[in-house]
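S.K.: Pasting a structure here, questions to come.
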Amino acid sequence: MTQYSNLKYEVKNSIGYIVIHRESQMNALNQETLDELQDIFKHFNSDDHVRGIILTGSGAKAFVAGADIKEFTDLTVIQARWLSERGHIIFSDLIEASPKPVIAAINGYALGGGLEMALACHMRIASENAKMGLPEVSLGLIPGYGGTQRLPALIGKGRAMQMILTGDMVDAQRAYEIGLVNEVVPQDNLISRAEEILQKIFTRSRVAVAHAIKVINAAADQEQNGDKVEMDAFGHLFGTEDFKEGVSAFLTKRTPKFD
């Protein structure tokens, strides 16, 4: 198994666990951590033993408290542009487009790139102590890993404008009220609640879940016609063994058994 410097991971009960492990740095995303995230998501996305993924931070204070600002100081304009593009590639192609449900278990501060990473996940569960924000304007920057695109889609343009232009944080309860997170739970229950959600999803058709993720993502992709993607996927699923099993189970009033 690969040993990472900044991540811990394991697979248990069909769940791939990824923990950003830079607690002394508030789990900040440096370039090496992005490299490791890219690698582990490629691995989990292609591993048939992994049916869902939980992403969280080490310790009780931070999920990911932003990018590692120390690495910004010597970047040229071209290098900064590439840094942003690289973040987009990892978050869009490997996290958001993962065929397996990815849950961000937000266990503390999720700021800047950390919140942007959580936004790329399919669901977000927050502990009661969590705080979230995009403070980049206080550095003379803007969110660069997709935050300006995903946050308005999730919470609405007006609220996203307020969060990004002020740089202010919101607490977990406010995040829940505006739709930024799906649920708020006590910190001790955070991982178990994420596991519970995934285990319920695992009782459903794996191929249907993967297609649902793809079709939902298409709704926000201007290069795709979401209606067409949905129609194509709907038709395709009629030809699968899971569809035959699901309908048979429904008609005979039994629980379906999917692979």
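Labels used: A, B, ... for chains in the order of the structure tokens, numbers from 1 for residues in each chain, and numbers from 1 for ligands as shown.
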Listing only residues of segment 83-149 of chain A within 7 Å of segment 54-70 of chain A, what is the closest atom pair and its distance in Å (to one decimal) for each, using only C-alpha atoms, sorted by chain and residue number ascending, as JSON lines?

M.R.:
{"residue": "A:Val102", "atom": "CA", "partner": "A:Ile54", "partner_atom": "CA", "distance": 5.9}
{"residue": "A:Ile103", "atom": "CA", "partner": "A:Ile54", "partner_atom": "CA", "distance": 5.0}
{"residue": "A:Ala104", "atom": "CA", "partner": "A:Leu55", "partner_atom": "CA", "distance": 4.9}
{"residue": "A:Ala105", "atom": "CA", "partner": "A:Thr56", "partner_atom": "CA", "distance": 5.0}
{"residue": "A:Ile106", "atom": "CA", "partner": "A:Phe63", "partner_atom": "CA", "distance": 5.3}
{"residue": "A:Asn107", "atom": "CA", "partner": "A:Phe63", "partner_atom": "CA", "distance": 5.2}
{"residue": "A:Gly108", "atom": "CA", "partner": "A:Ala62", "partner_atom": "CA", "distance": 4.0}
{"residue": "A:Tyr109", "atom": "CA", "partner": "A:Ala62", "partner_atom": "CA", "distance": 4.3}
{"residue": "A:Ala110", "atom": "CA", "partner": "A:Val64", "partner_atom": "CA", "distance": 5.1}
{"residue": "A:Leu111", "atom": "CA", "partner": "A:Ala65", "partner_atom": "CA", "distance": 4.7}
{"residue": "A:Gly112", "atom": "CA", "partner": "A:Gly66", "partner_atom": "CA", "distance": 4.4}
{"residue": "A:Gly113", "atom": "CA", "partner": "A:Gly66", "partner_atom": "CA", "distance": 4.6}
{"residue": "A:Gly114", "atom": "CA", "partner": "A:Val64", "partner_atom": "CA", "distance": 4.5}

S.K.: Produce a file of the selected residues containing N, CA and C atoms, as a PDB file, in the first residue's frame.

M.R.:
ATOM      1  N   VAL A 102     -19.262  10.651  -2.676  1.00  0.00           N
ATOM      2  CA  VAL A 102     -18.192  11.203  -1.833  1.00  0.00           C
ATOM      3  C   VAL A 102     -18.826  12.146  -0.817  1.00  0.00           C
ATOM      4  N   ILE A 103     -18.615  11.860   0.460  1.00  0.00           N
ATOM      5  CA  ILE A 103     -19.147  12.700   1.534  1.00  0.00           C
ATOM      6  C   ILE A 103     -18.009  13.427   2.226  1.00  0.00           C
ATOM      7  N   ALA A 104     -18.112  14.746   2.314  1.00  0.00           N
ATOM      8  CA  ALA A 104     -17.175  15.528   3.116  1.00  0.00           C
ATOM      9  C   ALA A 104     -17.687  15.541   4.552  1.00  0.00           C
ATOM     10  N   ALA A 105     -16.894  15.008   5.460  1.00  0.00           N
ATOM     11  CA  ALA A 105     -17.219  15.043   6.890  1.00  0.00           C
ATOM     12  C   ALA A 105     -16.447  16.221   7.478  1.00  0.00           C
ATOM     13  N   ILE A 106     -17.126  17.368   7.580  1.00  0.00           N
ATOM     14  CA  ILE A 106     -16.465  18.630   7.942  1.00  0.00           C
ATOM     15  C   ILE A 106     -16.370  18.714   9.458  1.00  0.00           C
ATOM     16  N   ASN A 107     -15.184  18.457   9.977  1.00  0.00           N
ATOM     17  CA  ASN A 107     -14.969  18.289  11.419  1.00  0.00           C
ATOM     18  C   ASN A 107     -14.433  19.536  12.109  1.00  0.00           C
ATOM     19  N   GLY A 108     -14.393  20.662  11.418  1.00  0.00           N
ATOM     20  CA  GLY A 108     -13.879  21.890  12.012  1.00  0.00           C
ATOM     21  C   GLY A 108     -13.837  22.965  10.941  1.00  0.00           C
ATOM     22  N   TYR A 109     -12.799  23.787  10.950  1.00  0.00           N
ATOM     23  CA  TYR A 109     -12.684  24.864   9.967  1.00  0.00           C
ATOM     24  C   TYR A 109     -12.561  24.308   8.554  1.00  0.00           C
ATOM     25  N   ALA A 110     -13.419  24.792   7.648  1.00  0.00           N
ATOM     26  CA  ALA A 110     -13.312  24.504   6.221  1.00  0.00           C
ATOM     27  C   ALA A 110     -13.261  25.854   5.525  1.00  0.00           C
ATOM     28  N   LEU A 111     -12.058  26.289   5.215  1.00  0.00           N
ATOM     29  CA  LEU A 111     -11.850  27.636   4.705  1.00  0.00           C
ATOM     30  C   LEU A 111     -11.131  27.588   3.360  1.00  0.00           C
ATOM     31  N   GLY A 112     -11.409  28.571   2.513  1.00  0.00           N
ATOM     32  CA  GLY A 112     -10.705  28.675   1.249  1.00  0.00           C
ATOM     33  C   GLY A 112     -10.753  27.380   0.466  1.00  0.00           C
ATOM     34  N   GLY A 113      -9.566  26.898   0.076  1.00  0.00           N
ATOM     35  CA  GLY A 113      -9.486  25.666  -0.688  1.00  0.00           C
ATOM     36  C   GLY A 113     -10.106  24.477   0.011  1.00  0.00           C
ATOM     37  N   GLY A 114     -10.145  24.520   1.338  1.00  0.00           N
ATOM     38  CA  GLY A 114     -10.777  23.434   2.075  1.00  0.00           C
ATOM     39  C   GLY A 114     -12.279  23.397   1.862  1.00  0.00           C
TER      40      GLY A 114
END

S.K.: Within 9 Å of Asp171 of chain A, counting only C-alpha atoms, which residues show up once you throw out same-chain ones fewer than 3 positions away? Write them as a ChimeraX atom specification, please.

M.R.: /A:128-133,174-176

S.K.: Which residue out of A:Pro99, A:Leu115, A:Arg254, A:Cys121 has the minimum interatomic distance to Val207 of chain A when only C-alpha atoms are used?

M.R.: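 The closest residue to Val207 of chain A is A:Pro99.
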
S.K.: Skipping near chain neighbours, those fewer than 6 positions away, what residues fall within 10 Å of Gln38 of chain A using only C-alpha atoms, listed as a compact mmCIF listing (two decimals) with C-alpha atoms, in the first residue's frame?

M.R.:
# COMPACT_ATOMS: atom_id res chain seq x y z
CA GLU A 32 2.24 17.70 -2.03
CA ARG A 86 -4.78 21.99 -11.32
CA GLY A 87 -7.18 22.42 -8.41
CA ILE A 89 -8.89 19.30 -12.52
CA ILE A 90 -8.53 17.39 -9.23
CA PHE A 91 -11.76 18.64 -7.66
CA ASP A 93 -12.53 15.27 -12.55
CA LEU A 94 -11.72 13.12 -9.53
CA ILE A 95 -13.98 14.25 -6.66

S.K.: Go ahead and compute the interatomic distance for atom CA of Glu241 of chain A and atom CA of Ala212 of chain A, in Å to one decimal.

M.R.: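 Going from atom CA of Glu241 of chain A over to atom CA of Ala212 of chain A covers 16.6 Å.
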
S.K.: Check segment 133-231 of chain A with DSSP on the backbone and list each residue it calls strand (DSSP E), as a PDB file with N, CA, C and O atoms, in the first residue's frame.

M.R.:
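Resulting contents of out_9.pdb:
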ATOM      1  N   GLY A 133     -15.931  29.194   5.292  1.00  0.00           N
ATOM      2  CA  GLY A 133     -15.821  30.495   4.647  1.00  0.00           C
ATOM      3  C   GLY A 133     -14.838  30.480   3.494  1.00  0.00           C
ATOM      4  O   GLY A 133     -14.031  29.559   3.345  1.00  0.00           O
ATOM      5  N   VAL A 170     -19.322  31.317   8.185  1.00  0.00           N
ATOM      6  CA  VAL A 170     -20.628  30.958   8.741  1.00  0.00           C
ATOM      7  C   VAL A 170     -20.435  29.740   9.634  1.00  0.00           C
ATOM      8  O   VAL A 170     -19.558  28.904   9.380  1.00  0.00           O
ATOM      9  N   ASP A 171     -21.239  29.659  10.692  1.00  0.00           N
ATOM     10  CA  ASP A 171     -21.134  28.486  11.559  1.00  0.00           C
ATOM     11  C   ASP A 171     -21.954  27.345  10.973  1.00  0.00           C
ATOM     12  O   ASP A 171     -22.642  27.484   9.956  1.00  0.00           O
ATOM     13  N   GLU A 183     -26.407  18.147   6.717  1.00  0.00           N
ATOM     14  CA  GLU A 183     -26.786  17.872   8.102  1.00  0.00           C
ATOM     15  C   GLU A 183     -25.713  18.423   9.032  1.00  0.00           C
ATOM     16  O   GLU A 183     -24.552  18.588   8.643  1.00  0.00           O
ATOM     17  N   VAL A 184     -26.124  18.678  10.275  1.00  0.00           N
ATOM     18  CA  VAL A 184     -25.194  19.044  11.351  1.00  0.00           C
ATOM     19  C   VAL A 184     -25.372  18.031  12.471  1.00  0.00           C
ATOM     20  O   VAL A 184     -26.504  17.762  12.892  1.00  0.00           O
ATOM     21  N   VAL A 185     -24.273  17.467  12.930  1.00  0.00           N
ATOM     22  CA  VAL A 185     -24.325  16.442  13.970  1.00  0.00           C
ATOM     23  C   VAL A 185     -23.244  16.718  15.009  1.00  0.00           C
ATOM     24  O   VAL A 185     -22.286  17.437  14.732  1.00  0.00           O
TER      25      VAL A 185
END

S.K.: With distances taken over only C-alpha atoms, which of A:Ala219, A:Val11, A:Leu29, A:Leu139 is nearest to Glu116 of chain A?

M.R.: A:Leu29

S.K.: Just asking: which residues within segment 18-108 of chain A are helix (DSSP H, G or I) according to DSSP, as number ranges by chain?

M.R.: A: 23-25, 31-46, 69-72, 77-96

S.K.: Any idea what the distance is between atom CA of Ser138 of chain A and atom CA of Arg22 of chain A?

M.R.: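 We find that atom CA of Ser138 of chain A and atom CA of Arg22 of chain A lie 23.6 Å from each other.
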
S.K.: Give me the residues near Leu237 of chain A as a count of residues only, where near means some atom within 12 Å (using only C-alpha atoms) and where sequence neighbours in that chain fewer than 5 positions away do not count.

M.R.: 17

S.K.: Compile the contact shell of Tyr9 of chain A as a list in words: residues with an atom at most 8 Å away, counting only C-alpha atoms, same-chain residues fewer than 2 positions apart removed.

M.R.: Leu7, Val11, Gly16, Tyr17, Ile18 and Val19 of chain A

S.K.: Just the number, please: distance in Å from atom CA of Ala120 of chain A to atom CA of Val215 of chain A, one decimal.

M.R.: 15.1 Å

S.K.: Which residue gives the smallest distance to His21 of chain A among A:Val229, A:Gln149, A:Thr73, A:Thr33, with only C-alpha atoms counted?

M.R.: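 Under the stated criterion, the closest residue is A:Thr33.
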
S.K.: Arg204 of chain A: which residues within 9 Å, counting only C-alpha atoms, same-chain residues fewer than 5 positions away excluded, as a list in words?

M.R.: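 Selected residues are Val209, Pro256, Lys257 and Phe258 of chain A.
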
S.K.: Go ahead and save the residues from that selection, with all heavy atoms, as a PDB file, in the first residue's frame.

M.R.:
ATOM      1  N   VAL A 209     -26.730   4.448  -9.105  1.00  0.00           N
ATOM      2  CA  VAL A 209     -26.123   5.517  -8.304  1.00  0.00           C
ATOM      3  C   VAL A 209     -25.077   6.266  -9.132  1.00  0.00           C
ATOM      4  O   VAL A 209     -25.025   7.506  -9.146  1.00  0.00           O
ATOM      5  CB  VAL A 209     -25.509   4.946  -7.009  1.00  0.00           C
ATOM      6  CG1 VAL A 209     -24.588   5.963  -6.350  1.00  0.00           C
ATOM      7  CG2 VAL A 209     -26.615   4.521  -6.036  1.00  0.00           C
ATOM      8  N   PRO A 256     -34.603  -6.076  -3.137  1.00  0.00           N
ATOM      9  CA  PRO A 256     -33.720  -6.384  -4.268  1.00  0.00           C
ATOM     10  C   PRO A 256     -32.305  -6.731  -3.794  1.00  0.00           C
ATOM     11  O   PRO A 256     -31.839  -6.243  -2.775  1.00  0.00           O
ATOM     12  CB  PRO A 256     -33.728  -5.090  -5.082  1.00  0.00           C
ATOM     13  CG  PRO A 256     -34.079  -4.016  -4.118  1.00  0.00           C
ATOM     14  CD  PRO A 256     -35.003  -4.651  -3.122  1.00  0.00           C
ATOM     15  N   LYS A 257     -31.645  -7.576  -4.560  1.00  0.00           N
ATOM     16  CA  LYS A 257     -30.258  -7.948  -4.277  1.00  0.00           C
ATOM     17  C   LYS A 257     -29.403  -7.518  -5.463  1.00  0.00           C
ATOM     18  O   LYS A 257     -29.352  -8.190  -6.492  1.00  0.00           O
ATOM     19  CB  LYS A 257     -30.158  -9.461  -4.053  1.00  0.00           C
ATOM     20  CG  LYS A 257     -30.873  -9.941  -2.797  1.00  0.00           C
ATOM     21  CD  LYS A 257     -30.723 -11.441  -2.615  1.00  0.00           C
ATOM     22  CE  LYS A 257     -31.444 -11.904  -1.336  1.00  0.00           C
ATOM     23  NZ  LYS A 257     -31.336 -13.375  -1.156  1.00  0.00           N
ATOM     24  N   PHE A 258     -28.761  -6.370  -5.293  1.00  0.00           N
ATOM     25  CA  PHE A 258     -27.883  -5.851  -6.328  1.00  0.00           C
ATOM     26  C   PHE A 258     -26.454  -6.332  -6.071  1.00  0.00           C
ATOM     27  O   PHE A 258     -26.077  -6.586  -4.942  1.00  0.00           O
ATOM     28  CB  PHE A 258     -27.921  -4.325  -6.349  1.00  0.00           C
ATOM     29  CG  PHE A 258     -29.290  -3.753  -6.647  1.00  0.00           C
ATOM     30  CD1 PHE A 258     -29.965  -3.003  -5.690  1.00  0.00           C
ATOM     31  CD2 PHE A 258     -29.890  -3.958  -7.876  1.00  0.00           C
ATOM     32  CE1 PHE A 258     -31.218  -2.462  -5.956  1.00  0.00           C
ATOM     33  CE2 PHE A 258     -31.138  -3.429  -8.153  1.00  0.00           C
ATOM     34  CZ  PHE A 258     -31.807  -2.685  -7.186  1.00  0.00           C
TER      35      PHE A 258
END
